[in-house]
Each structure stands twice: as C-alpha cells, then as structure tokens.
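Structure file final_11.txt (compact mmCIF, N, CA and C atoms) is printed below.
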```
# COMPACT_ATOMS: atom_id res chain seq x y z
N MET A 1 -51.17 85.17 43.95
CA MET A 1 -50.02 85.60 44.73
C MET A 1 -50.33 86.93 45.41
N SER A 2 -50.10 87.00 46.71
CA SER A 2 -50.40 88.23 47.43
C SER A 2 -49.26 89.23 47.28
N LYS A 3 -49.59 90.46 47.54
CA LYS A 3 -48.65 91.57 47.37
C LYS A 3 -48.73 92.44 48.61
N GLU A 4 -47.64 93.08 48.94
CA GLU A 4 -47.62 94.00 50.06
C GLU A 4 -47.17 95.37 49.57
N ALA A 5 -47.86 96.40 50.02
CA ALA A 5 -47.51 97.77 49.63
C ALA A 5 -47.38 98.60 50.90
N GLU A 6 -46.61 99.68 50.80
CA GLU A 6 -46.39 100.56 51.94
C GLU A 6 -46.65 102.00 51.56
N ILE A 7 -47.26 102.74 52.48
CA ILE A 7 -47.41 104.19 52.34
C ILE A 7 -46.74 104.80 53.56
N ARG A 8 -45.86 105.76 53.33
CA ARG A 8 -45.13 106.41 54.43
C ARG A 8 -45.38 107.91 54.41
N PHE A 9 -45.53 108.47 55.61
CA PHE A 9 -45.66 109.91 55.77
C PHE A 9 -44.48 110.42 56.58
N SER A 10 -43.94 111.57 56.18
CA SER A 10 -42.89 112.24 56.93
C SER A 10 -43.40 113.63 57.26
N ILE A 11 -43.31 113.99 58.52
CA ILE A 11 -43.82 115.27 58.98
C ILE A 11 -42.66 116.07 59.56
N LYS A 12 -42.43 117.27 59.02
CA LYS A 12 -41.44 118.18 59.58
C LYS A 12 -42.17 119.12 60.53
N LEU A 13 -41.67 119.22 61.77
CA LEU A 13 -42.32 120.01 62.81
C LEU A 13 -41.46 121.21 63.19
N ASP A 14 -42.14 122.28 63.63
CA ASP A 14 -41.40 123.42 64.15
C ASP A 14 -41.09 123.18 65.63
N ASP A 15 -40.55 124.17 66.32
CA ASP A 15 -40.18 124.02 67.73
C ASP A 15 -41.38 123.77 68.64
N ASN A 16 -42.59 124.10 68.17
CA ASN A 16 -43.81 123.87 68.95
C ASN A 16 -44.56 122.62 68.50
N ASN A 17 -43.89 121.78 67.72
CA ASN A 17 -44.48 120.54 67.20
C ASN A 17 -45.67 120.77 66.27
N ILE A 18 -45.67 121.91 65.58
CA ILE A 18 -46.68 122.21 64.57
C ILE A 18 -46.11 121.81 63.21
N PRO A 19 -46.88 121.06 62.39
CA PRO A 19 -46.36 120.66 61.08
C PRO A 19 -46.06 121.86 60.18
N VAL A 20 -44.85 121.87 59.64
CA VAL A 20 -44.47 122.90 58.66
C VAL A 20 -44.35 122.31 57.27
N ALA A 21 -44.21 120.99 57.18
CA ALA A 21 -44.15 120.31 55.89
C ALA A 21 -44.58 118.86 56.08
N ILE A 22 -45.32 118.36 55.10
CA ILE A 22 -45.78 116.97 55.11
C ILE A 22 -45.39 116.35 53.77
N PHE A 23 -44.81 115.17 53.82
CA PHE A 23 -44.41 114.44 52.61
C PHE A 23 -44.97 113.03 52.70
N TRP A 24 -45.25 112.46 51.54
CA TRP A 24 -45.70 111.08 51.50
C TRP A 24 -45.03 110.35 50.35
N GLU A 25 -44.93 109.05 50.49
CA GLU A 25 -44.42 108.19 49.43
C GLU A 25 -45.08 106.83 49.55
N ALA A 26 -45.17 106.14 48.44
CA ALA A 26 -45.81 104.83 48.41
C ALA A 26 -44.98 103.88 47.57
N SER A 27 -44.89 102.65 48.03
CA SER A 27 -44.04 101.67 47.35
C SER A 27 -44.52 101.35 45.95
N ASP A 28 -45.82 101.48 45.69
CA ASP A 28 -46.33 101.16 44.35
C ASP A 28 -46.89 102.40 43.64
N ALA A 29 -46.41 103.59 44.03
CA ALA A 29 -46.85 104.83 43.37
C ALA A 29 -46.25 104.92 41.97
N ASP A 30 -46.85 105.78 41.15
CA ASP A 30 -46.34 105.95 39.79
C ASP A 30 -45.29 107.07 39.72
N PHE A 31 -44.67 107.38 40.86
CA PHE A 31 -43.59 108.36 40.92
C PHE A 31 -42.56 107.86 41.92
N GLU A 32 -41.38 108.43 41.85
CA GLU A 32 -40.28 108.05 42.75
C GLU A 32 -40.11 109.11 43.83
N GLY A 33 -39.74 108.70 45.01
CA GLY A 33 -39.41 109.64 46.07
C GLY A 33 -40.62 110.17 46.82
N LYS A 34 -40.36 111.23 47.59
CA LYS A 34 -41.39 111.83 48.43
C LYS A 34 -42.13 112.93 47.68
N LYS A 35 -43.41 113.05 47.97
CA LYS A 35 -44.24 114.10 47.37
C LYS A 35 -44.82 114.95 48.50
N ALA A 36 -44.78 116.26 48.32
CA ALA A 36 -45.29 117.17 49.35
C ALA A 36 -46.81 117.25 49.30
N CYS A 37 -47.41 117.48 50.48
CA CYS A 37 -48.83 117.79 50.59
C CYS A 37 -49.00 118.72 51.78
N ASP A 38 -50.14 119.37 51.88
CA ASP A 38 -50.37 120.32 52.98
C ASP A 38 -51.30 119.79 54.05
N SER A 39 -51.98 118.68 53.79
CA SER A 39 -52.92 118.15 54.78
C SER A 39 -53.11 116.66 54.53
N ILE A 40 -53.29 115.93 55.63
CA ILE A 40 -53.67 114.52 55.52
C ILE A 40 -54.79 114.25 56.53
N MET A 41 -55.74 113.45 56.12
CA MET A 41 -56.80 112.98 56.99
C MET A 41 -56.92 111.48 56.74
N ILE A 42 -56.55 110.72 57.73
CA ILE A 42 -56.59 109.26 57.61
C ILE A 42 -57.60 108.74 58.61
N SER A 43 -58.51 107.91 58.15
CA SER A 43 -59.51 107.32 59.02
C SER A 43 -59.38 105.80 58.92
N MET A 44 -59.33 105.15 60.08
CA MET A 44 -59.15 103.69 60.13
C MET A 44 -60.25 103.07 60.98
N TRP A 45 -60.75 101.94 60.56
CA TRP A 45 -61.77 101.23 61.33
C TRP A 45 -61.11 100.10 62.10
N ASP A 46 -61.32 100.10 63.42
CA ASP A 46 -60.82 99.03 64.29
C ASP A 46 -61.98 98.09 64.57
N ARG A 47 -61.96 96.94 63.93
CA ARG A 47 -63.05 95.97 64.04
C ARG A 47 -63.24 95.49 65.48
N HIS A 48 -62.14 95.27 66.18
CA HIS A 48 -62.23 94.72 67.54
C HIS A 48 -62.78 95.75 68.53
N GLU A 49 -62.35 96.99 68.40
CA GLU A 49 -62.84 98.07 69.27
C GLU A 49 -64.16 98.64 68.76
N ARG A 50 -64.50 98.33 67.49
CA ARG A 50 -65.69 98.87 66.83
C ARG A 50 -65.69 100.39 66.94
N ASN A 51 -64.57 100.95 66.51
CA ASN A 51 -64.38 102.39 66.61
C ASN A 51 -63.52 102.88 65.45
N SER A 52 -63.72 104.13 65.11
CA SER A 52 -62.94 104.75 64.05
C SER A 52 -61.79 105.53 64.69
N LEU A 53 -60.63 105.36 64.14
CA LEU A 53 -59.44 106.07 64.60
C LEU A 53 -59.01 107.00 63.48
N SER A 54 -58.45 108.16 63.84
CA SER A 54 -58.06 109.07 62.77
C SER A 54 -56.78 109.82 63.09
N ILE A 55 -56.15 110.26 62.03
CA ILE A 55 -54.98 111.13 62.09
C ILE A 55 -55.30 112.30 61.17
N ASP A 56 -55.31 113.49 61.73
CA ASP A 56 -55.60 114.70 60.96
C ASP A 56 -54.47 115.70 61.19
N LEU A 57 -53.74 116.02 60.13
CA LEU A 57 -52.63 116.96 60.22
C LEU A 57 -52.68 117.93 59.05
N TRP A 58 -52.27 119.15 59.28
CA TRP A 58 -52.14 120.13 58.21
C TRP A 58 -51.01 121.08 58.56
N THR A 59 -50.39 121.63 57.53
CA THR A 59 -49.28 122.55 57.76
C THR A 59 -49.82 123.88 58.24
N LYS A 60 -48.98 124.60 58.99
CA LYS A 60 -49.42 125.88 59.54
C LYS A 60 -49.62 126.93 58.46
N ASP A 61 -49.10 126.70 57.26
CA ASP A 61 -49.27 127.64 56.16
C ASP A 61 -50.50 127.36 55.30
N MET A 62 -51.23 126.28 55.60
CA MET A 62 -52.42 125.97 54.81
C MET A 62 -53.48 127.04 55.05
N GLU A 63 -54.02 127.57 53.98
CA GLU A 63 -55.02 128.63 54.09
C GLU A 63 -56.41 128.05 54.32
N VAL A 64 -57.28 128.85 54.93
CA VAL A 64 -58.64 128.41 55.23
C VAL A 64 -59.38 128.00 53.96
N GLY A 65 -59.23 128.76 52.89
CA GLY A 65 -59.88 128.41 51.63
C GLY A 65 -59.42 127.06 51.11
N GLU A 66 -58.14 126.76 51.29
CA GLU A 66 -57.62 125.45 50.88
C GLU A 66 -58.21 124.34 51.75
N MET A 67 -58.36 124.62 53.06
CA MET A 67 -58.95 123.63 53.96
C MET A 67 -60.41 123.40 53.60
N ASN A 68 -61.12 124.48 53.27
CA ASN A 68 -62.52 124.33 52.84
C ASN A 68 -62.62 123.45 51.60
N ALA A 69 -61.74 123.70 50.62
CA ALA A 69 -61.74 122.88 49.40
C ALA A 69 -61.39 121.43 49.72
N HIS A 70 -60.42 121.23 50.61
CA HIS A 70 -60.02 119.87 50.99
C HIS A 70 -61.20 119.13 51.62
N PHE A 71 -61.92 119.79 52.53
CA PHE A 71 -63.07 119.15 53.16
C PHE A 71 -64.16 118.85 52.14
N PHE A 72 -64.48 119.81 51.27
CA PHE A 72 -65.51 119.58 50.26
C PHE A 72 -65.16 118.37 49.40
N LEU A 73 -63.93 118.34 48.89
CA LEU A 73 -63.52 117.23 48.03
C LEU A 73 -63.49 115.90 48.80
N THR A 74 -63.14 115.96 50.08
CA THR A 74 -63.14 114.75 50.90
C THR A 74 -64.56 114.24 51.10
N PHE A 75 -65.51 115.14 51.37
CA PHE A 75 -66.91 114.72 51.48
C PHE A 75 -67.38 114.06 50.19
N MET A 76 -67.05 114.66 49.05
CA MET A 76 -67.46 114.09 47.76
C MET A 76 -66.83 112.72 47.54
N LYS A 77 -65.57 112.57 47.90
CA LYS A 77 -64.89 111.28 47.76
C LYS A 77 -65.51 110.25 48.70
N MET A 78 -65.87 110.69 49.92
CA MET A 78 -66.53 109.79 50.86
C MET A 78 -67.85 109.29 50.28
N ALA A 79 -68.60 110.17 49.63
CA ALA A 79 -69.87 109.76 49.02
C ALA A 79 -69.63 108.71 47.95
N GLU A 80 -68.62 108.93 47.10
CA GLU A 80 -68.31 107.96 46.04
C GLU A 80 -67.88 106.62 46.64
N THR A 81 -67.03 106.67 47.65
CA THR A 81 -66.54 105.45 48.29
C THR A 81 -67.69 104.72 48.97
N TYR A 82 -68.55 105.46 49.67
CA TYR A 82 -69.69 104.86 50.35
C TYR A 82 -70.60 104.14 49.35
N GLU A 83 -70.88 104.81 48.23
CA GLU A 83 -71.76 104.19 47.23
C GLU A 83 -71.11 102.94 46.64
N ARG A 84 -69.82 103.02 46.35
CA ARG A 84 -69.13 101.87 45.78
C ARG A 84 -69.12 100.69 46.77
N ALA A 85 -68.96 101.00 48.06
CA ALA A 85 -68.87 99.94 49.07
C ALA A 85 -70.23 99.35 49.45
N THR A 86 -71.29 100.18 49.44
CA THR A 86 -72.59 99.73 49.93
C THR A 86 -73.66 99.59 48.86
N LYS A 87 -73.41 100.20 47.69
CA LYS A 87 -74.40 100.25 46.60
C LYS A 87 -75.62 101.07 46.99
N ASN A 88 -75.50 101.91 48.03
CA ASN A 88 -76.62 102.72 48.51
C ASN A 88 -76.50 104.13 47.94
N LYS A 89 -77.06 104.32 46.77
CA LYS A 89 -76.99 105.61 46.07
C LYS A 89 -77.74 106.70 46.81
N GLU A 90 -78.84 106.36 47.45
CA GLU A 90 -79.64 107.37 48.16
C GLU A 90 -78.81 108.04 49.27
N VAL A 91 -78.13 107.26 50.07
CA VAL A 91 -77.32 107.83 51.15
C VAL A 91 -76.11 108.55 50.56
N ALA A 92 -75.51 108.01 49.52
CA ALA A 92 -74.39 108.69 48.86
C ALA A 92 -74.82 110.06 48.35
N ASP A 93 -76.02 110.14 47.79
CA ASP A 93 -76.54 111.42 47.32
C ASP A 93 -76.77 112.38 48.49
N THR A 94 -77.15 111.85 49.64
CA THR A 94 -77.32 112.68 50.84
C THR A 94 -75.98 113.28 51.26
N ILE A 95 -74.92 112.49 51.21
CA ILE A 95 -73.59 112.99 51.55
C ILE A 95 -73.17 114.06 50.56
N LYS A 96 -73.44 113.84 49.28
CA LYS A 96 -73.10 114.84 48.26
C LYS A 96 -73.89 116.13 48.48
N SER A 97 -75.15 116.00 48.86
CA SER A 97 -75.97 117.17 49.14
C SER A 97 -75.39 117.95 50.32
N PHE A 98 -74.99 117.23 51.36
CA PHE A 98 -74.35 117.88 52.51
C PHE A 98 -73.09 118.62 52.07
N ALA A 99 -72.29 117.97 51.21
CA ALA A 99 -71.06 118.59 50.72
C ALA A 99 -71.37 119.90 49.98
N SER A 100 -72.41 119.90 49.19
CA SER A 100 -72.81 121.11 48.48
C SER A 100 -73.27 122.19 49.45
N ASP A 101 -74.04 121.81 50.47
CA ASP A 101 -74.46 122.77 51.50
C ASP A 101 -73.25 123.33 52.24
N PHE A 102 -72.31 122.46 52.56
CA PHE A 102 -71.07 122.89 53.21
C PHE A 102 -70.35 123.93 52.36
N ALA A 103 -70.20 123.63 51.07
CA ALA A 103 -69.50 124.55 50.16
C ALA A 103 -70.20 125.90 50.13
N SER A 104 -71.52 125.90 50.11
CA SER A 104 -72.27 127.16 50.11
C SER A 104 -72.03 127.94 51.39
N LYS A 105 -72.04 127.26 52.52
CA LYS A 105 -71.85 127.92 53.81
C LYS A 105 -70.46 128.52 53.93
N VAL A 106 -69.42 127.78 53.55
CA VAL A 106 -68.06 128.32 53.70
C VAL A 106 -67.80 129.43 52.68
N GLU A 107 -68.49 129.36 51.54
CA GLU A 107 -68.37 130.44 50.57
C GLU A 107 -69.00 131.71 51.11
N GLU A 108 -70.15 131.55 51.77
CA GLU A 108 -70.83 132.69 52.39
C GLU A 108 -69.96 133.30 53.49
N LEU A 109 -69.31 132.46 54.29
CA LEU A 109 -68.45 132.96 55.36
C LEU A 109 -67.23 133.68 54.83
N ALA A 110 -66.78 133.28 53.65
CA ALA A 110 -65.58 133.89 53.07
C ALA A 110 -65.85 135.30 52.55
N LYS A 111 -67.12 135.65 52.34
CA LYS A 111 -67.46 136.97 51.80
C LYS A 111 -67.30 138.05 52.84
```
Take the structure I supplied and represent it as structure tokens, if you would.
Amino acid sequence: MSKEAEIRFSIKLDDNNIPVAIFWEASDADFEGKKACDSIMISMWDRHERNSLSIDLWTKDMEVGEMNAHFFLTFMKMAETYERATKNKEVADTIKSFASDFASKVEELAK
C-alpha cells in the first residue's frame, strides 16, 4: 500500500521580502505543529530538464558562524547520502575531505 507525506515551509518576510522567520512541518513528523529553523537548502533533480533546481533561504538574523556550521554539516550529509546512493566510498571520502578543508578555511577567516 502506498503512502503520501507532505512537508510544508512557511516563511515570514519583512517589508523588503527578507526572511525573518522560517517554519516547517511534516505530515509524518514525530512532533505536532510548526518547528522553527533559520535556514533551508533544498535541492531537486529534474529528470526531464536534466538540471538541479534549488531553494536557498536563511533568516536575516542567522550569524556567519551558524551558516559556516550549516554548510559543513550539509557537506558531510551530502557525502553520506552520496555513498549510500552510489556505494562509491572513495568519492564520498573526497566530499568529506573537502568539508574538512572548508571548515579549516572558515575557521581561519573567523580569527
């Protein structure tokens, strides 16, 4: 039997259309109602166009250090997902290595 699930995002904008608050909810989440977050990065593959589409939003109060951490963790998650999808550990390790180099560079810039 097939199942359908929904994920919804609500974005509160200021007068200049800059996100001031981001909320998400999912029909099969283990919590009720909306949950706040400060950034979302959604990437979608369009098979017919053979192109990647994305939505990248963050609140104006998100700090650079938080964005750096978000990117680092996203790179690491991408490596895990890539390995799980392709079974290519060598390339997954390359992505993880890049993530580590990224973390070192942004840490150096923060000094």
Quick one: distance from CA of Glu6 in chain A to CA of Ile42 in chain A in Å, one decimal?
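Going from CA of Glu6 in chain A over to CA of Ile42 in chain A covers 14.6 Å.
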Could you give me, as a PyMOL selection string, the residues within 10 Å of Ile18 in chain A, counting only C-alpha atoms and dropping anything in the same chain fewer than 2 positions from it?
chain A and resi 11-16+20-21+57-60
Kindly save the residues from that selection, with N, CA and C atoms included, as a PDB file, in the coordinates of the input.
```pdb
ATOM      1  N   ILE A  11     -43.310 113.990  58.520  1.00  0.00           N
ATOM      2  CA  ILE A  11     -43.820 115.270  58.980  1.00  0.00           C
ATOM      3  C   ILE A  11     -42.660 116.070  59.560  1.00  0.00           C
ATOM      4  N   LYS A  12     -42.430 117.270  59.020  1.00  0.00           N
ATOM      5  CA  LYS A  12     -41.440 118.180  59.580  1.00  0.00           C
ATOM      6  C   LYS A  12     -42.170 119.120  60.530  1.00  0.00           C
ATOM      7  N   LEU A  13     -41.670 119.220  61.770  1.00  0.00           N
ATOM      8  CA  LEU A  13     -42.320 120.010  62.810  1.00  0.00           C
ATOM      9  C   LEU A  13     -41.460 121.210  63.190  1.00  0.00           C
ATOM     10  N   ASP A  14     -42.140 122.280  63.630  1.00  0.00           N
ATOM     11  CA  ASP A  14     -41.400 123.420  64.150  1.00  0.00           C
ATOM     12  C   ASP A  14     -41.090 123.180  65.630  1.00  0.00           C
ATOM     13  N   ASP A  15     -40.550 124.170  66.320  1.00  0.00           N
ATOM     14  CA  ASP A  15     -40.180 124.020  67.730  1.00  0.00           C
ATOM     15  C   ASP A  15     -41.380 123.770  68.640  1.00  0.00           C
ATOM     16  N   ASN A  16     -42.590 124.100  68.170  1.00  0.00           N
ATOM     17  CA  ASN A  16     -43.810 123.870  68.950  1.00  0.00           C
ATOM     18  C   ASN A  16     -44.560 122.620  68.500  1.00  0.00           C
ATOM     19  N   VAL A  20     -44.850 121.870  59.640  1.00  0.00           N
ATOM     20  CA  VAL A  20     -44.470 122.900  58.660  1.00  0.00           C
ATOM     21  C   VAL A  20     -44.350 122.310  57.270  1.00  0.00           C
ATOM     22  N   ALA A  21     -44.210 120.990  57.180  1.00  0.00           N
ATOM     23  CA  ALA A  21     -44.150 120.310  55.890  1.00  0.00           C
ATOM     24  C   ALA A  21     -44.580 118.860  56.080  1.00  0.00           C
ATOM     25  N   LEU A  57     -53.740 116.020  60.130  1.00  0.00           N
ATOM     26  CA  LEU A  57     -52.630 116.960  60.220  1.00  0.00           C
ATOM     27  C   LEU A  57     -52.680 117.930  59.050  1.00  0.00           C
ATOM     28  N   TRP A  58     -52.270 119.150  59.280  1.00  0.00           N
ATOM     29  CA  TRP A  58     -52.140 120.130  58.210  1.00  0.00           C
ATOM     30  C   TRP A  58     -51.010 121.080  58.560  1.00  0.00           C
ATOM     31  N   THR A  59     -50.390 121.630  57.530  1.00  0.00           N
ATOM     32  CA  THR A  59     -49.280 122.550  57.760  1.00  0.00           C
ATOM     33  C   THR A  59     -49.820 123.880  58.240  1.00  0.00           C
ATOM     34  N   LYS A  60     -48.980 124.600  58.990  1.00  0.00           N
ATOM     35  CA  LYS A  60     -49.420 125.880  59.540  1.00  0.00           C
ATOM     36  C   LYS A  60     -49.620 126.930  58.460  1.00  0.00           C
TER      37      LYS A  60
END
```
Just give me the gap between atom C of Ile95 in chain A and CA of Ala79 in chain A in Å, one decimal is fine.
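Atom-to-atom, atom C of Ile95 in chain A to CA of Ala79 in chain A, that is 5.6 Å.
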Hey, what does DSSP flag as strand (DSSP E or B) within chain A? Can you give it to me as a ChimeraX atom specification?
/A:7-13,19-26,35-37,39-46,51-58
Using N, CA and C atoms, can you write the selected residues to a file as an mmCIF file, in the frame of the given file?
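For reference, result-v2.cif as written:
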```cif
data_model
loop_
_atom_site.group_PDB
_atom_site.id
_atom_site.type_symbol
_atom_site.label_atom_id
_atom_site.label_comp_id
_atom_site.auth_asym_id
_atom_site.auth_seq_id
_atom_site.Cartn_x
_atom_site.Cartn_y
_atom_site.Cartn_z
ATOM 1 N N ILE A 7 -47.260 102.740 52.480
ATOM 2 C CA ILE A 7 -47.410 104.190 52.340
ATOM 3 C C ILE A 7 -46.740 104.800 53.560
ATOM 4 N N ARG A 8 -45.860 105.760 53.330
ATOM 5 C CA ARG A 8 -45.130 106.410 54.430
ATOM 6 C C ARG A 8 -45.380 107.910 54.410
ATOM 7 N N PHE A 9 -45.530 108.470 55.610
ATOM 8 C CA PHE A 9 -45.660 109.910 55.770
ATOM 9 C C PHE A 9 -44.480 110.420 56.580
ATOM 10 N N SER A 10 -43.940 111.570 56.180
ATOM 11 C CA SER A 10 -42.890 112.240 56.930
ATOM 12 C C SER A 10 -43.400 113.630 57.260
ATOM 13 N N ILE A 11 -43.310 113.990 58.520
ATOM 14 C CA ILE A 11 -43.820 115.270 58.980
ATOM 15 C C ILE A 11 -42.660 116.070 59.560
ATOM 16 N N LYS A 12 -42.430 117.270 59.020
ATOM 17 C CA LYS A 12 -41.440 118.180 59.580
ATOM 18 C C LYS A 12 -42.170 119.120 60.530
ATOM 19 N N LEU A 13 -41.670 119.220 61.770
ATOM 20 C CA LEU A 13 -42.320 120.010 62.810
ATOM 21 C C LEU A 13 -41.460 121.210 63.190
ATOM 22 N N PRO A 19 -46.880 121.060 62.390
ATOM 23 C CA PRO A 19 -46.360 120.660 61.080
ATOM 24 C C PRO A 19 -46.060 121.860 60.180
ATOM 25 N N VAL A 20 -44.850 121.870 59.640
ATOM 26 C CA VAL A 20 -44.470 122.900 58.660
ATOM 27 C C VAL A 20 -44.350 122.310 57.270
ATOM 28 N N ALA A 21 -44.210 120.990 57.180
ATOM 29 C CA ALA A 21 -44.150 120.310 55.890
ATOM 30 C C ALA A 21 -44.580 118.860 56.080
ATOM 31 N N ILE A 22 -45.320 118.360 55.100
ATOM 32 C CA ILE A 22 -45.780 116.970 55.110
ATOM 33 C C ILE A 22 -45.390 116.350 53.770
ATOM 34 N N PHE A 23 -44.810 115.170 53.820
ATOM 35 C CA PHE A 23 -44.410 114.440 52.610
ATOM 36 C C PHE A 23 -44.970 113.030 52.700
ATOM 37 N N TRP A 24 -45.250 112.460 51.540
ATOM 38 C CA TRP A 24 -45.700 111.080 51.500
ATOM 39 C C TRP A 24 -45.030 110.350 50.350
ATOM 40 N N GLU A 25 -44.930 109.050 50.490
ATOM 41 C CA GLU A 25 -44.420 108.190 49.430
ATOM 42 C C GLU A 25 -45.080 106.830 49.550
ATOM 43 N N ALA A 26 -45.170 106.140 48.440
ATOM 44 C CA ALA A 26 -45.810 104.830 48.410
ATOM 45 C C ALA A 26 -44.980 103.880 47.570
ATOM 46 N N LYS A 35 -43.410 113.050 47.970
ATOM 47 C CA LYS A 35 -44.240 114.100 47.370
ATOM 48 C C LYS A 35 -44.820 114.950 48.500
ATOM 49 N N ALA A 36 -44.780 116.260 48.320
ATOM 50 C CA ALA A 36 -45.290 117.170 49.350
ATOM 51 C C ALA A 36 -46.810 117.250 49.300
ATOM 52 N N CYS A 37 -47.410 117.480 50.480
ATOM 53 C CA CYS A 37 -48.830 117.790 50.590
ATOM 54 C C CYS A 37 -49.000 118.720 51.780
ATOM 55 N N SER A 39 -51.980 118.680 53.790
ATOM 56 C CA SER A 39 -52.920 118.150 54.780
ATOM 57 C C SER A 39 -53.110 116.660 54.530
ATOM 58 N N ILE A 40 -53.290 115.930 55.630
ATOM 59 C CA ILE A 40 -53.670 114.520 55.520
ATOM 60 C C ILE A 40 -54.790 114.250 56.530
ATOM 61 N N MET A 41 -55.740 113.450 56.120
ATOM 62 C CA MET A 41 -56.800 112.980 56.990
ATOM 63 C C MET A 41 -56.920 111.480 56.740
ATOM 64 N N ILE A 42 -56.550 110.720 57.730
ATOM 65 C CA ILE A 42 -56.590 109.260 57.610
ATOM 66 C C ILE A 42 -57.600 108.740 58.610
ATOM 67 N N SER A 43 -58.510 107.910 58.150
ATOM 68 C CA SER A 43 -59.510 107.320 59.020
ATOM 69 C C SER A 43 -59.380 105.800 58.920
ATOM 70 N N MET A 44 -59.330 105.150 60.080
ATOM 71 C CA MET A 44 -59.150 103.690 60.130
ATOM 72 C C MET A 44 -60.250 103.070 60.980
ATOM 73 N N TRP A 45 -60.750 101.940 60.560
ATOM 74 C CA TRP A 45 -61.770 101.230 61.330
ATOM 75 C C TRP A 45 -61.110 100.100 62.100
ATOM 76 N N ASP A 46 -61.320 100.100 63.420
ATOM 77 C CA ASP A 46 -60.820 99.030 64.290
ATOM 78 C C ASP A 46 -61.980 98.090 64.570
ATOM 79 N N ASN A 51 -64.570 100.950 66.510
ATOM 80 C CA ASN A 51 -64.380 102.390 66.610
ATOM 81 C C ASN A 51 -63.520 102.880 65.450
ATOM 82 N N SER A 52 -63.720 104.130 65.110
ATOM 83 C CA SER A 52 -62.940 104.750 64.050
ATOM 84 C C SER A 52 -61.790 105.530 64.690
ATOM 85 N N LEU A 53 -60.630 105.360 64.140
ATOM 86 C CA LEU A 53 -59.440 106.070 64.600
ATOM 87 C C LEU A 53 -59.010 107.000 63.480
ATOM 88 N N SER A 54 -58.450 108.160 63.840
ATOM 89 C CA SER A 54 -58.060 109.070 62.770
ATOM 90 C C SER A 54 -56.780 109.820 63.090
ATOM 91 N N ILE A 55 -56.150 110.260 62.030
ATOM 92 C CA ILE A 55 -54.980 111.130 62.090
ATOM 93 C C ILE A 55 -55.300 112.300 61.170
ATOM 94 N N ASP A 56 -55.310 113.490 61.730
ATOM 95 C CA ASP A 56 -55.600 114.700 60.960
ATOM 96 C C ASP A 56 -54.470 115.700 61.190
ATOM 97 N N LEU A 57 -53.740 116.020 60.130
ATOM 98 C CA LEU A 57 -52.630 116.960 60.220
ATOM 99 C C LEU A 57 -52.680 117.930 59.050
ATOM 100 N N TRP A 58 -52.270 119.150 59.280
ATOM 101 C CA TRP A 58 -52.140 120.130 58.210
ATOM 102 C C TRP A 58 -51.010 121.080 58.560
#
```
What's the separation between atom C of Leu53 in chain A and atom C of Ser39 in chain A, in Å to one decimal place?
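The value is 14.4 Å.
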Which is closer to Asp56 in chain A than all the others in A:Met78, A:Glu32, A:Arg84, A:Ile22, using only C-alpha atoms?
A:Ile22
Residue among A:Asp38, A:Asp101, A:Glu25, A:Glu80 lying closest to Asp61 in chain A, counting only C-alpha atoms:
A:Asp38
Nearest to Trp24 in chain A, chosen from A:Asn68, A:Met44, A:Phe9, A:Asn88, with only N, CA and C atoms counted in the distances
A:Phe9
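Considering only N, CA and C atoms, the residue among A:Met62, A:Val91, A:Val106, A:Ala99 positioned nearest to Thr74 in chain A is A:Ala99.
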Would you compute an axis-aligned box for range 67-85 of chain A, covering every atom listed for it in the file with 8 Å of margin on each side, and report centre and edge lengths in Å to one decimal as JSON?
```
{"center_x": -65.1, "center_y": 112.0, "center_z": 49.9, "size_x": 29.4, "size_y": 41.3, "size_z": 24.2}
```
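Excluding Ala26 in chain A itself and same-chain residues fewer than 4 positions from it, the residues having an atom within 8 Å of it are Ala5, Glu6, Ile7, Arg8, Phe9, Asp30, Phe31, Glu32, Gly33, Lys34 and Lys35 of chain A, counting only N, CA and C atoms.
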Export of the given selection (N, CA and C atoms) as a compact mmCIF listing (two decimals), in the frame of the given file:
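To be explicit, this is the file written out as result_15.txt:
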```
# COMPACT_ATOMS: atom_id res chain seq x y z
N ALA A 5 -47.86 96.40 50.02
CA ALA A 5 -47.51 97.77 49.63
C ALA A 5 -47.38 98.60 50.90
N GLU A 6 -46.61 99.68 50.80
CA GLU A 6 -46.39 100.56 51.94
C GLU A 6 -46.65 102.00 51.56
N ILE A 7 -47.26 102.74 52.48
CA ILE A 7 -47.41 104.19 52.34
C ILE A 7 -46.74 104.80 53.56
N ARG A 8 -45.86 105.76 53.33
CA ARG A 8 -45.13 106.41 54.43
C ARG A 8 -45.38 107.91 54.41
N PHE A 9 -45.53 108.47 55.61
CA PHE A 9 -45.66 109.91 55.77
C PHE A 9 -44.48 110.42 56.58
N ASP A 30 -46.85 105.78 41.15
CA ASP A 30 -46.34 105.95 39.79
C ASP A 30 -45.29 107.07 39.72
N PHE A 31 -44.67 107.38 40.86
CA PHE A 31 -43.59 108.36 40.92
C PHE A 31 -42.56 107.86 41.92
N GLU A 32 -41.38 108.43 41.85
CA GLU A 32 -40.28 108.05 42.75
C GLU A 32 -40.11 109.11 43.83
N GLY A 33 -39.74 108.70 45.01
CA GLY A 33 -39.41 109.64 46.07
C GLY A 33 -40.62 110.17 46.82
N LYS A 34 -40.36 111.23 47.59
CA LYS A 34 -41.39 111.83 48.43
C LYS A 34 -42.13 112.93 47.68
N LYS A 35 -43.41 113.05 47.97
CA LYS A 35 -44.24 114.10 47.37
C LYS A 35 -44.82 114.95 48.50
```
Top pick for closest residue to Ser104 in chain A, considering A:Ala69, A:Ala92, A:Cys37, A:Ala85 and counting only C-alpha atoms
A:Ala69
Can you check which residues of range 12-102 of chain A DSSP gives as helix (DSSP H, G or I) on the backbone and send them as an MDAnalysis selection string?
chainID A and resid 64:86 89:102
